[in-house]
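Taking it in order: structure first as structure tokens, then the write-up.
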Amino acid sequence: MTALTDRTDDRDRDPDLHPEREGDGDGEGDRSRWDDGFIARSRHVAEDAGGFGPDGGPDGEGSADEALVRAVSGAGNDGGKAPAAPPLSPEGQALRTRLEALRQLVGLSRTRLDGKTLAEAGRVLDEYAARRGLSGQHTVVAIAGATGSGKSTLFNSLAGVQISETGLRRPTTAAPIACSWSDGAAGLLDRLEIPGRLRRRPRETSESEALRGMVLVDLPDLDSAVGAHRDHVDRVLALVDAVVWVVDPEKYADAVLHERYLRPLAGHAEVTFVVLNQVDRLPGEAADLVLDDLRRLLDEDGIALGEHGEPGATVLGLSALTGEGLGELRELLGQFTQERGAATRRIAADLDQAAVRLRPLYVADGHGGPEIGEGARAEFEDRLAEAVGAYAAGLAAERAWRRNAGKACGTPWLRLWRWYEGRRAPRTLAGLAALAAIGGRGSVVPEAPVEEEVTARQRVEQAVRTLADEAVDGLPDPWAQAVRETAVRGADQLPEALDALTVTVGVPSGKPPRPAWWPAAVLTQAAMTLLQIYGGLWLVGQIIGVLEPRLLPPVLLMVAGIVGGPLVEWACSLAARGPARRYGQDAEQRLRQAAAGCGRARVLEPVAAELLRYREVREQYATVARLSTTRQ
């Protein structure tokens, strides 16, 4: 006798698929969470072993809603205490870790990748959130196949009663029909959008007890001429925990089955059964030959075969009409259902598939690590120093120091001549600049020619381009583009900032410091000048007859003063070379450091931050892709 619609609510939960209820079972509560703009790292709070709060959601969100549901339904009347959550299996814990990493991966990537690219990851998160809120004691298995493969006959044979219509008319099955071997699967069937009129119960027999917990869904033909039927197949196949593919000896190699379904779902081998139906039509050893050829085709599709104890797809032959091999399939399905790990493995396989598709966006083969090398940093700073003219500024500061030292130690006659020449210099901008350079006073700075400004801007742009090219070497295209855009934004006002630094830092304020030996040099020059004056006066006195004629002493005094003054100046110039060079080097270093600091703040640090984000994303992707929860 066929029972009526399953009317029981879901209260059993799979310990491998987050034992706590979150949301209303359709995933809407979590669908808005995977793309919630989560950036950088999740908050560390008191969580359970899998990283979620006691309600199944981050930070314990939704506990109030769960309490309200229990209060309204009358369930869990234990004084307000929620039932203890069963411990997670290792597979469930690994899956939860990977999914949390995927959630962070999506949050970190939302501003770098378009929504279409992240849609697959979002779908996996949504389906996981929806499935973990439903019964974990049930395993949903779909029976799919092409027209005439006998899947409805197999469905009825497993149920022990005529549920799905069979016959020669094609297509026979127009909508998914479900058969549940136990109560509590209403939420799962609601998720599959199977109406109550298409929900059935099997015949109660001793054999049916082995299938308790299984929900079997008969799908329309996957090659149906009616588009709505194919839509039903695609929609349900994306939601069930496992699939039994039914093929017949005539169409087991059908291209639609292999290219559209089996090959794309090659990573779901552990939740896949491939059944060769109608073996009663094959004479002798033909059934074994067809099964061998079917295994060959599945191997070409990339589906691992579960033979010799290895994990993978189960392949067997049977006849739903005569019952041959049906007991073996029932036993395999019963064992598969009692393990209660199909939902976990299905989500893990979906996650593996999403990780493979996302790999080109997060992993660049041969890229050692996202960073700006020391060589690239040094080259960038050298280019900025060249753009602001740090070396020329150092030479100018050195010359200014030597000129100032020369003015302090030069002969009075030479200083008087320089003053006279300065008075005669034209009052042009260049002349004023020359006076400022000679005298170390004034704030007039000559404007740089337009050609020099253009050249400096080009040097800055070239430095930024070179740095960006070095930083994005080997990065995936989306992240390389993000790094380049960051560098360009940082360099937008960089030339103007460097110009301001050139004025404020590159031009020393006031006169250069005088050497410590300046007073001794001044006194020596004064002595040389007095010798010249004294010798000259002595000689004039002899000429006019005031003094006794003695030509040699005054001449020697004058020669000593005339030769001694330049000699002192030359000695001072030699002594000034070392301090002048150090003064120029200090000026060059100050301008170089100022330019480097400006470049770091505007370009290097934003680019390094972007590379750090990519490093975090790549680490999350490594967690998603490498911690496989499928049994090895």
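Order determines the names: the first chain of the structure tokens is A, the second B, and so forth; residues in each chain are numbered 1 upward, and ligands are numbered 1 upward as they are shown.
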
*Report as a VMD selection string: the residues of stretch 224-346 of chain A with a DSSP assignment of alpha helix (DSSP H), based on the backbone of this structure.*
chain A and resid 227 to 237 255 286 to 300 326 to 339 342 to 346

*Please provide as a list in words all residues within 9 Å of A:Leu192, with the sequence filter that same-chain residues fewer than 5 positions apart are discarded (counting only C-alpha atoms).*
Pro176, Gly187, Arg235, Val236, Leu239 and Val240 of chain A

*Can you list, as a PyMOL selection string, every protein, DNA or RNA residue that comes within 9 Å of stretch 245-252 of chain A when you count only C-alpha atoms, leaving out same-chain residues fewer than 6 positions away?*
chain A and resi 142-146+148-151+154+258+262+272-279+281-282+287+290+294

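Comparing A:Leu531, A:Pro283, A:Leu326, A:Ala266 by their smallest distance to A:Asp299, the closest is A:Ala266 (using only C-alpha atoms).
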
*Using atom CA of A:Arg296 and atom CA of A:Tyr261 as the two end points, give the distance in Å to one decimal.*
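Spanning atom CA of A:Arg296 to atom CA of A:Tyr261 is a straight-line distance of 16.4 Å.
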
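Distances from A:Leu591, A:Ala385, A:Leu95, A:Val568 to A:Arg132 were compared using only C-alpha atoms, and the smallest one belongs to A:Leu95.
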
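Minimum distance to A:Arg590 across A:Tyr362, A:Ala491, A:Gly394, A:Glu496 (counting only C-alpha atoms) occurs at A:Gly394.
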
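A straight line drawn from atom CA of A:Asp280 to atom CA of A:Ala253 is 18.6 Å long.
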
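Distance annotation: of A:Leu265, A:Val140, A:Pro606, A:Asp473, the residue with the minimal separation from A:Asp352 is A:Leu265; atom set is only C-alpha atoms.
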
*Step one, run DSSP on the backbone; step two, keep only residues of stretch 190-320 of chain A assigned to strand (DSSP E or B); then write them as a VMD selection string.*
chain A and resid 199 to 201 214 to 218 242 to 247 272 to 276 305 313 to 317

Include N, CA and C atoms and write out the residues we just selected as a CSV table (one decimal), in the first residue's frame.
```
chain,number,residue,atom,x,y,z
A,199,ARG,N,4.9,12.9,-3.5
A,199,ARG,CA,5.7,12.3,-2.4
A,199,ARG,C,5.0,11.0,-2.0
A,200,ARG,N,5.8,10.0,-2.0
A,200,ARG,CA,5.3,8.7,-1.7
A,200,ARG,C,6.1,7.9,-0.6
A,201,ARG,N,5.5,6.8,-0.1
A,201,ARG,CA,6.2,5.9,0.8
A,201,ARG,C,6.3,4.6,0.2
A,214,MET,N,16.7,6.8,3.4
A,214,MET,CA,17.0,7.2,2.0
A,214,MET,C,15.7,7.9,1.5
A,215,VAL,N,16.0,8.9,0.7
A,215,VAL,CA,14.9,9.6,-0.1
A,215,VAL,C,15.3,9.4,-1.5
A,216,LEU,N,14.5,8.7,-2.3
A,216,LEU,CA,14.8,8.3,-3.7
A,216,LEU,C,13.9,9.2,-4.6
A,217,VAL,N,14.5,9.9,-5.6
A,217,VAL,CA,13.8,10.8,-6.4
A,217,VAL,C,14.0,10.3,-7.9
A,218,ASP,N,12.8,10.1,-8.5
A,218,ASP,CA,12.8,9.7,-9.9
A,218,ASP,C,12.7,10.9,-10.8
A,242,ALA,N,23.3,12.2,-3.8
A,242,ALA,CA,24.0,11.2,-4.7
A,242,ALA,C,23.1,11.0,-5.9
A,243,VAL,N,23.6,10.4,-6.9
A,243,VAL,CA,22.9,10.1,-8.2
A,243,VAL,C,23.2,8.7,-8.6
A,244,VAL,N,22.1,8.0,-9.0
A,244,VAL,CA,22.1,6.7,-9.7
A,244,VAL,C,21.9,7.0,-11.2
A,245,TRP,N,22.9,6.8,-12.0
A,245,TRP,CA,22.7,7.0,-13.4
A,245,TRP,C,22.3,5.6,-14.0
A,246,VAL,N,21.2,5.6,-14.7
A,246,VAL,CA,20.7,4.4,-15.3
A,246,VAL,C,20.9,4.5,-16.8
A,247,VAL,N,21.6,3.5,-17.3
A,247,VAL,CA,21.9,3.4,-18.8
A,247,VAL,C,21.4,2.0,-19.2
A,272,THR,N,28.3,8.7,-6.8
A,272,THR,CA,27.8,8.4,-8.1
A,272,THR,C,27.7,6.9,-8.2
A,273,PHE,N,26.5,6.4,-8.7
A,273,PHE,CA,26.3,5.0,-9.0
A,273,PHE,C,25.9,5.0,-10.5
A,274,VAL,N,26.5,4.1,-11.3
A,274,VAL,CA,26.2,3.9,-12.7
A,274,VAL,C,25.7,2.5,-12.8
A,275,VAL,N,24.5,2.4,-13.2
A,275,VAL,CA,23.8,1.1,-13.3
A,275,VAL,C,23.5,0.8,-14.8
A,276,LEU,N,24.0,-0.3,-15.2
A,276,LEU,CA,23.6,-0.8,-16.6
A,276,LEU,C,22.3,-1.7,-16.5
A,305,LEU,N,36.8,5.0,-10.5
A,305,LEU,CA,35.9,3.8,-10.3
A,305,LEU,C,36.3,3.2,-9.0
A,313,ALA,N,33.2,5.8,-8.1
A,313,ALA,CA,31.9,5.5,-8.6
A,313,ALA,C,31.7,4.0,-8.5
A,314,THR,N,30.4,3.6,-8.2
A,314,THR,CA,30.0,2.2,-8.2
A,314,THR,C,29.4,1.9,-9.6
A,315,VAL,N,29.8,0.8,-10.2
A,315,VAL,CA,29.3,0.4,-11.5
A,315,VAL,C,28.8,-1.0,-11.4
A,316,LEU,N,27.6,-1.3,-11.8
A,316,LEU,CA,27.1,-2.7,-11.7
A,316,LEU,C,26.0,-2.8,-12.8
A,317,GLY,N,25.7,-4.1,-13.1
A,317,GLY,CA,24.6,-4.4,-14.0
A,317,GLY,C,23.5,-5.1,-13.3
```

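With atom CA of A:Val617 on one side and atom CA of A:Gln104 on the other, the separation reads 8.0 Å.
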
Hey, what's within 12 Å of A:Leu537 if we count only C-alpha atoms and toss same-chain stuff fewer than 2 positions away? As a short mmCIF file (atom, residue, chain, number, x, y, z; two decimals) with all heavy atoms, in the first residue's frame, please?
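Output contents, as saved in out_19.cif:
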```
data_model
loop_
_atom_site.label_atom_id
_atom_site.label_comp_id
_atom_site.auth_asym_id
_atom_site.auth_seq_id
_atom_site.Cartn_x
_atom_site.Cartn_y
_atom_site.Cartn_z
N LEU A 530 98.19 93.12 5.93
CA LEU A 530 98.94 94.15 6.66
C LEU A 530 100.40 94.18 6.20
O LEU A 530 101.01 95.26 6.11
CB LEU A 530 98.85 93.88 8.16
CG LEU A 530 97.48 94.10 8.81
CD1 LEU A 530 97.51 93.72 10.27
CD2 LEU A 530 97.07 95.57 8.65
N LEU A 531 100.96 93.00 5.92
CA LEU A 531 102.33 92.96 5.40
C LEU A 531 102.43 93.71 4.08
O LEU A 531 103.39 94.46 3.82
CB LEU A 531 102.81 91.51 5.23
CG LEU A 531 103.12 90.73 6.53
CD1 LEU A 531 103.52 89.30 6.20
CD2 LEU A 531 104.24 91.42 7.30
N GLN A 532 101.45 93.49 3.21
CA GLN A 532 101.46 94.19 1.93
C GLN A 532 101.35 95.71 2.13
O GLN A 532 102.09 96.50 1.51
CB GLN A 532 100.31 93.70 1.05
CG GLN A 532 100.39 92.23 0.64
CD GLN A 532 99.19 91.80 -0.14
OE1 GLN A 532 98.75 92.54 -1.02
NE2 GLN A 532 98.67 90.62 0.16
N ILE A 533 100.45 96.12 3.00
CA ILE A 533 100.26 97.56 3.24
C ILE A 533 101.51 98.17 3.89
O ILE A 533 101.99 99.25 3.50
CB ILE A 533 99.01 97.79 4.10
CG1 ILE A 533 97.75 97.31 3.35
CG2 ILE A 533 98.88 99.25 4.49
CD1 ILE A 533 96.49 97.37 4.18
N TYR A 534 102.02 97.43 4.90
CA TYR A 534 103.21 97.95 5.60
C TYR A 534 104.40 98.04 4.66
O TYR A 534 105.14 99.04 4.64
CB TYR A 534 103.54 97.04 6.79
CG TYR A 534 104.71 97.53 7.60
CD1 TYR A 534 104.59 98.64 8.43
CD2 TYR A 534 105.95 96.87 7.52
CE1 TYR A 534 105.68 99.10 9.17
CE2 TYR A 534 107.03 97.33 8.25
CZ TYR A 534 106.88 98.43 9.08
OH TYR A 534 107.96 98.87 9.81
N GLY A 535 104.61 97.00 3.85
CA GLY A 535 105.72 97.06 2.91
C GLY A 535 105.54 98.16 1.88
O GLY A 535 106.49 98.84 1.48
N LEU A 539 107.95 101.37 1.36
CA LEU A 539 108.57 101.67 0.07
C LEU A 539 108.24 103.10 -0.38
O LEU A 539 109.09 103.81 -0.91
CB LEU A 539 108.10 100.64 -0.97
CG LEU A 539 108.78 100.71 -2.33
CD1 LEU A 539 110.30 100.52 -2.19
CD2 LEU A 539 108.19 99.70 -3.29
N VAL A 540 107.00 103.54 -0.17
CA VAL A 540 106.62 104.91 -0.56
C VAL A 540 107.41 105.93 0.28
O VAL A 540 107.86 106.97 -0.22
CB VAL A 540 105.10 105.09 -0.38
CG1 VAL A 540 104.74 106.57 -0.55
CG2 VAL A 540 104.34 104.23 -1.38
N GLY A 541 107.58 105.63 1.56
CA GLY A 541 108.36 106.55 2.39
C GLY A 541 109.80 106.68 1.92
O GLY A 541 110.39 107.76 1.98
N GLN A 542 110.37 105.60 1.46
CA GLN A 542 111.73 105.67 0.92
C GLN A 542 111.77 106.48 -0.37
O GLN A 542 112.73 107.22 -0.63
CB GLN A 542 112.28 104.25 0.68
CG GLN A 542 112.54 103.45 1.94
CD GLN A 542 113.09 102.07 1.64
OE1 GLN A 542 113.42 101.79 0.49
NE2 GLN A 542 113.22 101.23 2.67
N ILE A 543 110.70 106.31 -1.18
CA ILE A 543 110.69 107.03 -2.47
C ILE A 543 110.60 108.54 -2.24
O ILE A 543 111.29 109.34 -2.91
CB ILE A 543 109.54 106.53 -3.34
CG1 ILE A 543 109.78 105.05 -3.75
CG2 ILE A 543 109.36 107.40 -4.57
CD1 ILE A 543 108.63 104.43 -4.48
N ILE A 544 109.79 108.95 -1.29
CA ILE A 544 109.62 110.39 -1.08
C ILE A 544 110.72 110.95 -0.18
O ILE A 544 110.74 112.14 0.14
CB ILE A 544 108.23 110.71 -0.51
CG1 ILE A 544 108.06 110.08 0.86
CG2 ILE A 544 107.14 110.25 -1.46
CD1 ILE A 544 106.75 110.43 1.54
N VAL A 546 111.38 110.20 3.03
CA VAL A 546 111.10 110.30 4.46
C VAL A 546 111.91 109.27 5.22
O VAL A 546 112.37 109.51 6.33
CB VAL A 546 109.60 110.13 4.74
CG1 VAL A 546 109.31 110.15 6.23
CG2 VAL A 546 108.81 111.21 4.02
N LEU A 547 112.07 108.09 4.64
CA LEU A 547 112.79 107.01 5.28
C LEU A 547 114.09 106.75 4.54
O LEU A 547 114.26 107.12 3.39
CB LEU A 547 111.93 105.73 5.27
CG LEU A 547 110.58 105.81 6.03
CD1 LEU A 547 109.79 104.54 5.84
CD2 LEU A 547 110.82 106.11 7.51
N LEU A 551 115.76 99.17 -0.03
CA LEU A 551 114.76 98.62 -0.95
C LEU A 551 114.37 97.18 -0.61
O LEU A 551 113.20 96.79 -0.74
CB LEU A 551 115.29 98.70 -2.38
CG LEU A 551 114.31 98.28 -3.49
CD1 LEU A 551 113.08 99.18 -3.45
CD2 LEU A 551 115.00 98.36 -4.85
N PRO A 553 114.10 95.24 2.29
CA PRO A 553 113.11 94.86 3.31
C PRO A 553 111.66 95.13 2.91
O PRO A 553 110.80 94.25 3.06
CB PRO A 553 113.54 95.67 4.52
CG PRO A 553 115.00 95.88 4.32
CD PRO A 553 115.17 96.08 2.85
N PRO A 554 111.29 96.34 2.40
CA PRO A 554 109.88 96.53 2.04
C PRO A 554 109.43 95.63 0.89
O PRO A 554 108.27 95.16 0.85
CB PRO A 554 109.81 98.00 1.66
CG PRO A 554 111.19 98.39 1.36
CD PRO A 554 112.07 97.56 2.20
N VAL A 555 110.33 95.38 -0.03
CA VAL A 555 109.93 94.51 -1.15
C VAL A 555 109.67 93.10 -0.65
O VAL A 555 108.71 92.44 -1.06
CB VAL A 555 111.03 94.53 -2.23
CG1 VAL A 555 110.78 93.47 -3.29
CG2 VAL A 555 111.12 95.91 -2.86
N LEU A 557 108.71 92.29 2.32
CA LEU A 557 107.43 92.27 3.05
C LEU A 557 106.24 92.23 2.09
O LEU A 557 105.26 91.47 2.31
CB LEU A 557 107.32 93.48 3.96
CG LEU A 557 108.23 93.47 5.21
CD1 LEU A 557 108.07 94.76 5.99
CD2 LEU A 557 107.89 92.28 6.09
N MET A 558 106.31 93.05 1.03
CA MET A 558 105.21 93.07 0.08
C MET A 558 105.08 91.72 -0.64
O MET A 558 103.97 91.21 -0.84
CB MET A 558 105.42 94.18 -0.93
CG MET A 558 105.26 95.58 -0.36
SD MET A 558 105.44 96.85 -1.63
CE MET A 558 104.05 96.44 -2.69
#
```

*asked:* Just want the 9 Å neighbourhood of A:Ala354, counted on only C-alpha atoms, with same-chain residues fewer than 6 positions away dropped. Output as an MDAnalysis selection string.
replied: chainID A and resid 120:121 124 625
